[in-house]
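In what follows, a structure is listed as structure tokens, so that the remarks can point back to it.
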Amino acid sequence: MKDKLDNFVSGSRPSAFVIFIIMIMLSIMIVSSKSAQAEDRHAANGKLVYDKYCVGCHGVKGDGKGAAAVNLLIKPRDLTQGLFKFKSTLAGSLPTDDDLKNSITNGLSPSSMPSFKFVPEDEKDDLVAYIKTLSPKWNIKTATKEFLKPTIPDFVGTKASIATGKKIYEERCVFCHGQDGVRDNVKFHLSWNDENSTDYTRPADFRYKTIKRGARVEDIYLSITIGVDGTPMPSFNETLSENDRWNLTSYVLSVMGKERR
Amino acid sequence: MKSEQDSIINYDLVYAHIVASIVLLAVVFLAGMLYSLQFLHLYPFPGIEFLSPGRVRTVHTNGAVYGFIVNGFTAALYWALPRLTGQRVMNEKYLGWFMFIALQGAVAATAIGILAGDSQAIPWGETPWYVDPFIVVWLLLALVQFTTPIYKLANKEPLYAANWYMIAGLVWIPMVYIMGNYVPVFFVPGIAGAAITGTWIHDAVGLYVTPIGWGLCYYFIPVILKKPVWSHALSLLGFWGLAFFYPLQGVHHYLWSPIPMYAQYAAVLSTIVLELAVVSVIVNFMMTLKGRAEALKESIPLRWIYVGIINYAITCFQCAIQVLLTTQKVIHYTDWVVGHAHLIMYGTFGFWIMGFISYLWPKVNHSETYSKALDEWAFWLLLLGMELMWVDLLAGGLIQGFTWWSLSPWMDSIRYSFPFWIGRTASGTLMSIGLCFYIYNFYKTGRKKTVSLIHAHEVGAGGGVR
Amino acid sequence: MKFSRIVLIVGILFFAFGTFWQAVAPWLSLKKIPVKSLEDIAKDVPREFYMLAEDYPVEFNKYFGKADEKSFMVALKTGRDIYIADICWQCHSQCVRPVSREEIRFGRISYPSEYNNVMQLPQLLSTRRVGPDLIRESGVHSNDWHAAHFKDTRSVVPGTVMPSYAWFFDKDGHLNKKGLSVITYVQWLGSWTKPEKYVLQAVNTEAAKPESSESVKTEEVKPAVSESAKPEAAKPETGAAVKPEGGKP
């Protein structure tokens, strides 16, 4: 009798525990699936927005092979790769939502990505949610998503800073960006094995007084620090000190201030 | 008396101008329909430079003015002026036929020039530079041709209001044409050029089409109704109102632009005040109809004319509303203006010309209308299509204007306009079917040589040409 | 007889008065603004023209040679002529009005002096907008965007009603002289209002502190579309007091 009772008790305790665990898991699943549903709804709305504005260049699948892509020089982003050029996070990591929205809102002049600043904010949010469903990379939770928000130090723009920056520029940057920021129409093929590939990129030409990331001073610094993912532009986060990166920014600014040829 | 009047009319010239007018109207319809298909992504000739939609649209607008309206008015003038004055026009055999051929040549050269890409960027004045001098010469010849009988009569007795209008229109248009087609194209750039262009656009409508149209109505309405106009005083008021206020309103095509504000204010005010003149004319015509309204049932020409007058009243009141600077914030640059232009150019003056032609065509052929039923169908289809298009484009224009104001993405205004553009093509189709009926009836009437007894008598007595 | 002559004379006088007030008077008040010739315009070649030479080097070299002021003059003139020949002006206006939030959508409100040049002979203000206004178009889109758009409009902007312009391209699908010229013209429109020196205040003067430059930089994100909305940009530069009043919405 006691054995039976013991058996029952010892048998029932784990089973109650198991039920308890299952209940918790279920509730977690329900909660998480609810948020997943919300996410899905955003993404579904985003798909509609995408079909309205983006599908021509970025393609139905988001692979950057839209009908217009063949006629564009710098090819549209392949959104399925999960590789983004302009972001405030460190090299190799995914951009923040604000980074994506920033690119959508302001466009990437002087590339063929125009500004969509009159698209309503919530549509842009939905669009970002949809873009994040296009690549499996977005499913993996990256550990930290720290993004850089630099403040400009005082010495930027001084003659000394420009001189230091010029030295660094001539060591590190001149190969692609050219002497005095004149790039001489260099092209870099992105399909490395294929010389005839039309998928190429070009280094920024500072004569045009603008870079794709944006028009702020910080944008130059961010490009130097983070690099441009998917292109030969590396990150100098490790190889240059912060002050040197700001000096380089000073020099680039002074180059942009030059008259065009 | 009647036979004497008939003998001074050159039936052949009236005949020729009527045919040209109707043929060109068909071309204008075709061009308009083609252009409207572009908005539905259905344009049948994509990628052909000479049939690019923009060029086809320009053929549509210029064909309407220089082809359809000028030809129609000229035909009616060749009929009405000798009857009004009892005098022949200056010269029919040489000048008349030369003018006919020159006009068709100029219209053809304009159309080909526009399609070949030689147009000028002046609204209503896209005629290529090499056509402009010929049109100026033509307008001067028309001035000489048509003012001669009026001048001859003016030596004998006071002039009827219709003649005033005709003189005014014929005198103004060459000056206006020279101003609009040369000054902003070759001499004055930019904003001042825009002011001059605006003045030309509106003068072309207000100082040629309107006075000649009114003048012809002052002839045809009493003749068809067989009663005098209600008030000669009102007709004079209308004339002076038109003469004073019309040349002042050109800049209202460019409101809120950098054109000096005093010109814009003057344009707005004069456009509103012009309603006085318009009302005087419309009241006059309507009071003339009083007591004889049942004539509208039988006489399709009269019906064309009176529907045109009602459309005219609608358009002009619309004009006074849409010219307000507040309204302009929304409706400028939208399809509203396009709807307005269609109702005034076709719904009013076009309908008047259709009326004149319906009245004249059996007469110059000494036949009778082939089928009254076809005529009715043509009338109702064209009327229905016209009004639908007007309402449709007005609504579409409001949608566009508010979409732009709300800072929605540009493509939203295109998407929201899409139903209205379908509506435009549909109403255009209705009108085209109506025009097909009209032309078939027109063709059959021209062929019908069974002359009724009364007409035969007239022909015999008057020694008519045909 | 006498009366009809009075009609004639008074009619002509009325006409003369109306024409004076509507056409001649604006011309007189704007006369003091000098009319820019093509050479004057070419003193400020927009950067998009140099970019065009780099984007399409083979085609550009074939039709225009080197990218400089001379080739810019040729391209601009040809482009303007094609803009007129293909009746672009009937669907695209060139005038930003001070109402209906157009200064936010397009950019700086139009002012008289920017029209006083030979490229606006005849003026191209236009009276209909099926497509957007183009007077601030410079730099809003890139050269290759325009090329792709002219080639196949609906592939770039889904649902657009603008026709494609196959005759801007040669048989191999490369831009021809017409295409390059039109892009030059469109990229020139409004280039005079685009701030090219937007990031430079921070640098050129030693004294300029980053804090003081901060406002400048953050305001003017992208020269492309957005520079406009600043209220001071709405004021006309020229002294000709002819701006429509009540310009501020």
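Ordered as shown in the structure tokens, chains take letters A, B, and onward, while each chain numbers its residues from 1 and ligands are numbered from 1 in the order shown.
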
Legend entry - helix (DSSP H, G or I) positions in stretch 214-354 of chain B, given as a ChimeraX atom specification: /B:214-225,232-254,261-289,295-298,300-322,325-331,335-354

Would you mind exporting C-alpha atoms of the selected residues as a compact mmCIF listing (two decimals), in the first residue's frame?
```
# COMPACT_ATOMS: atom_id res chain seq x y z
CA TRP B 214 -21.28 85.09 -79.97
CA GLY B 215 -21.63 87.02 -83.21
CA LEU B 216 -22.64 83.92 -85.11
CA CYS B 217 -25.14 83.02 -82.39
CA TYR B 218 -26.59 86.51 -82.68
CA TYR B 219 -27.20 85.65 -86.32
CA PHE B 220 -28.26 82.01 -86.16
CA ILE B 221 -30.56 82.12 -83.13
CA PRO B 222 -32.94 84.79 -84.49
CA VAL B 223 -32.86 83.17 -87.91
CA ILE B 224 -33.73 79.69 -86.66
CA LEU B 225 -36.29 80.99 -84.17
CA HIS B 232 -30.17 95.06 -78.37
CA ALA B 233 -29.07 97.08 -75.38
CA LEU B 234 -27.99 93.89 -73.61
CA SER B 235 -26.09 92.75 -76.67
CA LEU B 236 -24.16 96.01 -76.61
CA LEU B 237 -23.47 95.65 -72.90
CA GLY B 238 -22.15 92.17 -73.57
CA PHE B 239 -19.93 93.45 -76.30
CA TRP B 240 -18.34 96.23 -74.30
CA GLY B 241 -17.97 94.00 -71.29
CA LEU B 242 -16.13 91.48 -73.41
CA ALA B 243 -13.97 94.10 -75.05
CA PHE B 244 -12.97 95.64 -71.76
CA PHE B 245 -12.51 92.67 -69.47
CA TYR B 246 -11.29 89.87 -71.71
CA PRO B 247 -7.87 91.27 -72.61
CA LEU B 248 -7.21 91.87 -68.90
CA GLN B 249 -7.31 88.30 -67.72
CA GLY B 250 -4.46 86.49 -69.40
CA VAL B 251 -2.30 85.98 -66.33
CA HIS B 252 -4.99 83.92 -64.59
CA HIS B 253 -3.40 80.91 -66.29
CA TYR B 254 -0.31 81.42 -64.12
CA MET B 261 0.99 90.35 -58.26
CA TYR B 262 -0.76 93.41 -59.72
CA ALA B 263 -1.16 91.52 -62.98
CA GLN B 264 -2.51 88.49 -61.12
CA TYR B 265 -5.00 90.56 -59.11
CA ALA B 266 -6.19 92.32 -62.25
CA ALA B 267 -6.63 88.97 -63.96
CA VAL B 268 -8.65 87.56 -61.07
CA LEU B 269 -10.85 90.63 -60.76
CA SER B 270 -11.53 91.01 -64.45
CA THR B 271 -12.35 87.31 -64.74
CA ILE B 272 -14.96 87.67 -62.04
CA VAL B 273 -16.37 90.91 -63.39
CA LEU B 274 -16.59 89.41 -66.87
CA GLU B 275 -19.50 87.38 -65.55
CA LEU B 276 -21.56 90.54 -66.03
CA ALA B 277 -20.95 90.49 -69.73
CA VAL B 278 -21.50 86.73 -69.89
CA VAL B 279 -24.75 86.96 -67.97
CA SER B 280 -26.00 89.74 -70.22
CA VAL B 281 -25.40 87.60 -73.28
CA ILE B 282 -26.89 84.46 -71.79
CA VAL B 283 -29.97 86.32 -70.52
CA ASN B 284 -30.39 87.83 -73.93
CA PHE B 285 -30.27 84.47 -75.69
CA MET B 286 -32.54 82.83 -73.13
CA MET B 287 -35.11 85.61 -73.31
CA THR B 288 -35.03 85.34 -77.07
CA LEU B 289 -36.01 81.71 -76.65
CA ALA B 295 -38.66 74.80 -81.09
CA LEU B 296 -35.90 72.94 -79.29
CA LYS B 297 -37.88 69.75 -79.76
CA GLU B 298 -37.88 69.91 -83.53
CA ILE B 300 -31.59 70.00 -83.58
CA PRO B 301 -29.36 72.92 -84.67
CA LEU B 302 -31.15 75.13 -82.17
CA ARG B 303 -30.73 72.50 -79.52
CA TRP B 304 -26.98 72.32 -80.16
CA ILE B 305 -26.76 76.07 -79.81
CA TYR B 306 -28.80 76.30 -76.63
CA VAL B 307 -27.05 73.41 -74.94
CA GLY B 308 -23.85 75.20 -75.86
CA ILE B 309 -25.17 78.32 -74.19
CA ILE B 310 -26.03 76.42 -71.03
CA ASN B 311 -22.57 74.87 -71.04
CA TYR B 312 -21.21 78.35 -71.54
CA ALA B 313 -23.04 79.59 -68.47
CA ILE B 314 -21.73 76.64 -66.46
CA THR B 315 -18.16 77.14 -67.62
CA CYS B 316 -18.16 80.84 -66.99
CA PHE B 317 -19.49 80.52 -63.47
CA GLN B 318 -16.98 77.78 -62.90
CA CYS B 319 -14.38 80.18 -64.23
CA ALA B 320 -15.30 82.81 -61.66
CA ILE B 321 -14.93 80.23 -58.91
CA GLN B 322 -11.77 78.57 -60.07
CA LEU B 325 -6.57 82.50 -55.51
CA THR B 326 -7.87 80.19 -52.79
CA THR B 327 -9.35 77.74 -55.25
CA GLN B 328 -6.21 77.93 -57.33
CA LYS B 329 -4.20 76.46 -54.46
CA VAL B 330 -5.93 73.16 -55.05
CA ILE B 331 -7.02 73.01 -58.64
CA ASP B 335 -7.31 67.78 -64.43
CA TRP B 336 -9.92 70.28 -63.25
CA VAL B 337 -8.51 72.77 -65.71
CA VAL B 338 -8.54 70.16 -68.43
CA GLY B 339 -12.21 69.50 -67.78
CA HIS B 340 -12.92 73.22 -67.86
CA ALA B 341 -11.09 73.61 -71.16
CA HIS B 342 -13.03 70.75 -72.71
CA LEU B 343 -16.37 72.17 -71.66
CA ILE B 344 -15.59 75.61 -73.04
CA MET B 345 -13.86 74.60 -76.25
CA TYR B 346 -16.02 71.69 -77.26
CA GLY B 347 -19.06 71.85 -74.97
CA THR B 348 -19.70 75.45 -75.92
CA PHE B 349 -17.99 76.59 -79.08
CA GLY B 350 -17.79 73.10 -80.50
CA PHE B 351 -21.49 72.55 -79.90
CA TRP B 352 -22.29 75.90 -81.49
CA ILE B 353 -20.31 74.92 -84.55
CA MET B 354 -22.06 71.54 -84.62
```

Inset, instruction - Output as JSON, numbers by chain the set of chain A residues within 9 Å of chain C, with distances taken over only C-alpha atoms. - result: {"A": [51, 52, 53, 54, 55, 56, 57, 66, 67, 68, 69, 70, 71, 72, 73, 74, 106, 107, 108, 109, 110, 111, 112, 113, 114, 115, 117, 118, 152, 153, 154, 155, 156, 157, 158, 159, 184, 185, 207, 208, 209, 210, 212, 214, 215, 216, 217, 250, 253, 254, 256, 257, 260]}

Residues just named, written with C-alpha atoms as a CSV table (one decimal), in the first residue's frame:
```csv
chain,number,residue,atom,x,y,z
A,51,ASP,CA,5.3,46.5,-54.5
A,52,LYS,CA,4.3,50.1,-54.8
A,53,TYR,CA,7.7,51.7,-54.7
A,54,CYS,CA,10.6,49.3,-54.6
A,55,VAL,CA,9.8,46.3,-56.9
A,56,GLY,CA,10.9,48.0,-60.1
A,57,CYS,CA,14.6,48.0,-59.2
A,66,GLY,CA,14.1,44.1,-60.9
A,67,ALA,CA,13.2,45.0,-64.5
A,68,ALA,CA,15.0,48.3,-64.2
A,69,ALA,CA,18.2,46.9,-62.7
A,70,VAL,CA,19.8,46.1,-66.0
A,71,ASN,CA,19.6,49.8,-67.0
A,72,LEU,CA,21.2,51.0,-63.8
A,73,LEU,CA,24.9,51.4,-63.4
A,74,ILE,CA,25.3,50.7,-59.8
A,106,ASN,CA,16.8,60.3,-47.7
A,107,GLY,CA,17.8,58.1,-50.6
A,108,LEU,CA,21.4,57.4,-51.4
A,109,SER,CA,22.4,60.3,-53.6
A,110,PRO,CA,24.3,60.2,-55.9
A,111,SER,CA,23.4,56.6,-56.6
A,112,SER,CA,20.2,55.7,-58.3
A,113,MET,CA,18.3,55.1,-55.0
A,114,PRO,CA,16.0,58.1,-54.8
A,115,SER,CA,14.5,59.6,-51.7
A,117,LYS,CA,10.5,61.0,-48.0
A,118,PHE,CA,6.8,61.4,-48.7
A,152,ILE,CA,32.5,65.8,-33.5
A,153,PRO,CA,35.6,66.7,-31.6
A,154,ASP,CA,36.8,70.3,-31.6
A,155,PHE,CA,39.9,69.8,-33.6
A,156,VAL,CA,38.1,68.7,-36.8
A,157,GLY,CA,38.7,71.2,-39.5
A,158,THR,CA,41.8,72.7,-38.0
A,159,LYS,CA,44.9,73.0,-40.2
A,184,ASP,CA,39.8,58.8,-62.0
A,185,ASN,CA,36.7,56.6,-62.6
A,207,ARG,CA,35.0,66.4,-55.9
A,208,TYR,CA,31.3,65.9,-56.0
A,209,LYS,CA,31.1,67.1,-52.4
A,210,THR,CA,28.8,64.3,-51.3
A,212,LYS,CA,26.2,58.3,-50.4
A,214,GLY,CA,24.8,61.4,-46.2
A,215,ALA,CA,25.9,65.0,-46.1
A,216,ARG,CA,26.8,65.3,-42.4
A,217,VAL,CA,30.4,65.5,-41.1
A,250,SER,CA,39.0,66.7,-41.6
A,253,LEU,CA,36.1,67.6,-45.8
A,254,SER,CA,38.9,69.9,-47.0
A,256,MET,CA,35.4,68.2,-50.7
A,257,GLY,CA,35.7,72.0,-50.3
A,260,ARG,CA,35.8,70.9,-59.1
```

Interface rows for chain B against chain A: nearest pair, Å to one decimal, 10 Å, only C-alpha atoms, as a tab-separated table:
```
residue	atom	partner	partner_atom	distance
B:Ser406	CA	A:Phe118	CA	9.6
B:Leu407	CA	A:Phe118	CA	6.3
B:Ser408	CA	A:Phe118	CA	5.7
B:Pro409	CA	A:Phe118	CA	4.9
B:Trp410	CA	A:Phe118	CA	8.1
B:Met411	CA	A:Lys52	CA	8.8
B:Asp412	CA	A:Lys52	CA	9.5
```

Could those selected residues go to a file with C-alpha atoms, as a compact mmCIF listing (two decimals), in the first residue's frame?
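The resulting again33.txt:
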```txt
# COMPACT_ATOMS: atom_id res chain seq x y z
CA SER B 406 -1.40 66.37 -48.36
CA LEU B 407 2.21 65.60 -49.27
CA SER B 408 1.44 62.04 -50.27
CA PRO B 409 3.97 60.41 -52.55
CA TRP B 410 3.54 61.63 -56.11
CA MET B 411 2.51 58.23 -57.42
CA ASP B 412 -0.50 58.29 -55.10
```

Inset, instruction - Tell me which of B:Gly396, B:Gly446, B:Gly67, B:Pro133 sits closest to chain C, counting only C-alpha atoms. - result: B:Gly396

Legend entry - Residue nearest chain B among C:Ser71, C:Thr78, C:Thr127, C:Gln94 (counting only C-alpha atoms): C:Thr127

Listing only residues of chain C within 6 Å of chain B, what is the closest atom pair and its distance in Å (to one decimal) for each, using only C-alpha atoms, sorted by chain and residue number ascending, as a Markdown table?
```
| residue | atom | partner | partner_atom | distance |
| --- | --- | --- | --- | --- |
| C:Met1 | CA | B:Ala154 | CA | 5.1 |
| C:Phe14 | CA | B:Phe244 | CA | 5.4 |
| C:Phe15 | CA | B:Pro247 | CA | 5.7 |
| C:Gly18 | CA | B:Leu248 | CA | 4.3 |
| C:Gln22 | CA | B:Ala263 | CA | 5.4 |
| C:Ala23 | CA | B:Ile196 | CA | 4.6 |
| C:Pro26 | CA | B:Ala192 | CA | 5.6 |
| C:Trp27 | CA | B:Ala192 | CA | 4.6 |
| C:Ile84 | CA | B:Ala121 | CA | 5.9 |
| C:Ala85 | CA | B:Gly117 | CA | 4.2 |
| C:Ile87 | CA | B:Gly54 | CA | 5.2 |
| C:Arg97 | CA | B:Trp256 | CA | 5.6 |
| C:Val99 | CA | B:Lys329 | CA | 5.9 |
| C:Ser100 | CA | B:Trp405 | CA | 4.8 |
| C:Arg101 | CA | B:Trp405 | CA | 5.9 |
| C:Tyr111 | CA | B:Pro258 | CA | 5.7 |
| C:Pro112 | CA | B:Pro258 | CA | 5.5 |
| C:Tyr115 | CA | B:Gly190 | CA | 4.4 |
| C:Asn116 | CA | B:Gly190 | CA | 5.0 |
| C:Gln120 | CA | B:Gly190 | CA | 5.0 |
| C:Leu121 | CA | B:Pro189 | CA | 4.4 |
| C:Pro122 | CA | B:Val185 | CA | 4.4 |
| C:Gln123 | CA | B:Gly190 | CA | 4.9 |
| C:Thr127 | CA | B:Tyr333 | CA | 5.4 |
| C:Arg128 | CA | B:Tyr333 | CA | 4.0 |
| C:Arg129 | CA | B:Tyr333 | CA | 5.0 |
| C:Val161 | CA | B:Phe39 | CA | 5.3 |
| C:Ala166 | CA | B:Gly47 | CA | 5.2 |
| C:Val242 | CA | B:Pro260 | CA | 4.6 |
| C:Lys243 | CA | B:Pro258 | CA | 5.3 |
| C:Pro244 | CA | B:Met261 | CA | 5.3 |
```

Legend entry - Distance of atom CA of A:Phe175 from atom CA of A:Tyr251, expressed in Å to one decimal place: 15.9 Å

Inset, instruction - Skip A:Ser88 itself and residues of its chain fewer than 4 positions away, then list as a PyMOL selection string all residues within 10 Å of it, counting only C-alpha atoms. - result: chain A and resi 93-96+98-100+145-150+219+222-223+225-226

Need the shell around A:Lys167: protein/DNA/RNA residues with any atom at most 12 Å away, counting only C-alpha atoms. Skip same-chain ones fewer than 5 positions apart. Format as an mmCIF file with N, CA and C atoms, in the first residue's frame?
```
data_model
loop_
_atom_site.group_PDB
_atom_site.id
_atom_site.type_symbol
_atom_site.label_atom_id
_atom_site.label_comp_id
_atom_site.auth_asym_id
_atom_site.auth_seq_id
_atom_site.Cartn_x
_atom_site.Cartn_y
_atom_site.Cartn_z
ATOM 1 N N ALA A 160 46.062 71.728 -38.554
ATOM 2 C CA ALA A 160 46.898 70.616 -38.083
ATOM 3 C C ALA A 160 46.205 69.282 -38.347
ATOM 4 N N SER A 161 44.919 69.271 -38.073
ATOM 5 C CA SER A 161 44.158 68.039 -38.267
ATOM 6 C C SER A 161 44.127 67.662 -39.739
ATOM 7 N N ILE A 162 43.946 68.656 -40.588
ATOM 8 C CA ILE A 162 43.910 68.371 -42.023
ATOM 9 C C ILE A 162 45.257 67.819 -42.471
ATOM 10 N N ARG A 172 46.792 55.352 -46.942
ATOM 11 C CA ARG A 172 45.771 54.314 -46.900
ATOM 12 C C ARG A 172 44.724 54.419 -48.003
ATOM 13 N N CYS A 173 44.376 55.629 -48.407
ATOM 14 C CA CYS A 173 43.157 55.813 -49.196
ATOM 15 C C CYS A 173 43.420 56.087 -50.667
ATOM 16 N N VAL A 174 44.656 56.546 -50.941
ATOM 17 C CA VAL A 174 44.888 57.122 -52.253
ATOM 18 C C VAL A 174 44.767 56.087 -53.370
ATOM 19 N N GLN A 179 44.497 60.601 -55.935
ATOM 20 C CA GLN A 179 45.192 61.774 -55.401
ATOM 21 C C GLN A 179 44.200 62.931 -55.273
ATOM 22 N N ASP A 180 44.205 63.581 -54.152
ATOM 23 C CA ASP A 180 43.333 64.733 -53.877
ATOM 24 C C ASP A 180 41.856 64.396 -54.042
ATOM 25 N N ASP A 244 42.798 59.682 -35.256
ATOM 26 C CA ASP A 244 43.255 59.629 -36.644
ATOM 27 C C ASP A 244 42.080 59.574 -37.606
ATOM 28 N N ARG A 245 41.043 58.853 -37.196
ATOM 29 C CA ARG A 245 39.863 58.786 -38.069
ATOM 30 C C ARG A 245 39.215 60.157 -38.201
ATOM 31 N N ASN A 247 40.911 62.957 -37.912
ATOM 32 C CA ASN A 247 41.819 63.751 -38.750
ATOM 33 C C ASN A 247 41.571 63.469 -40.225
ATOM 34 N N LEU A 248 41.367 62.198 -40.504
ATOM 35 C CA LEU A 248 41.081 61.801 -41.884
ATOM 36 C C LEU A 248 39.786 62.473 -42.349
ATOM 37 N N SER A 250 38.675 65.302 -41.344
ATOM 38 C CA SER A 250 39.018 66.701 -41.624
ATOM 39 C C SER A 250 39.570 66.847 -43.025
ATOM 40 N N TYR A 251 40.484 65.927 -43.357
ATOM 41 C CA TYR A 251 41.111 66.042 -44.666
ATOM 42 C C TYR A 251 40.086 65.832 -45.784
ATOM 43 N N VAL A 252 39.251 64.836 -45.629
ATOM 44 C CA VAL A 252 38.233 64.567 -46.659
ATOM 45 C C VAL A 252 37.326 65.785 -46.812
#
```

Legend entry - Atomic distance atom CA of A:Glu123 - atom CA of A:Val60, expressed in Å with one decimal: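 Spanning atom CA of A:Glu123 to atom CA of A:Val60 is a straight-line distance of 18.1 Å.
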
Legend entry - Proximity to B:Ala76 - best of B:Phe29, B:Trp138, B:Tyr11, B:Trp230, only C-alpha atoms: B:Tyr11

Legend entry - Atom pair atom CA of C:Tyr185 / atom CA of C:Leu76: separation (Å): 5.1 Å

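Omitting C:Ser138 and its sequence neighbours fewer than 5 positions away, and counting only C-alpha atoms, the residues within 6 Å are Gln187, Trp188, Leu189, Gly190 and Ser191 of chain C.
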
Expected file contents, prior selection, N, CA and C atoms, as a PDB file, in the first residue's frame:
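Saved as out.pdb:
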```
ATOM      1  N   GLN C 187      18.986  67.597 -65.253  1.00  0.00           N
ATOM      2  CA  GLN C 187      19.861  67.708 -64.087  1.00  0.00           C
ATOM      3  C   GLN C 187      20.333  69.140 -63.872  1.00  0.00           C
ATOM      4  N   TRP C 188      20.154  69.976 -64.880  1.00  0.00           N
ATOM      5  CA  TRP C 188      20.511  71.390 -64.700  1.00  0.00           C
ATOM      6  C   TRP C 188      19.397  72.152 -63.997  1.00  0.00           C
ATOM      7  N   LEU C 189      18.161  71.720 -64.200  1.00  0.00           N
ATOM      8  CA  LEU C 189      17.019  72.459 -63.668  1.00  0.00           C
ATOM      9  C   LEU C 189      17.096  72.558 -62.151  1.00  0.00           C
ATOM     10  N   GLY C 190      17.283  73.751 -61.651  1.00  0.00           N
ATOM     11  CA  GLY C 190      17.310  73.945 -60.212  1.00  0.00           C
ATOM     12  C   GLY C 190      18.665  73.732 -59.586  1.00  0.00           C
ATOM     13  N   SER C 191      19.687  73.421 -60.390  1.00  0.00           N
ATOM     14  CA  SER C 191      21.005  73.186 -59.801  1.00  0.00           C
ATOM     15  C   SER C 191      21.502  74.444 -59.099  1.00  0.00           C
TER      16      SER C 191
END
```
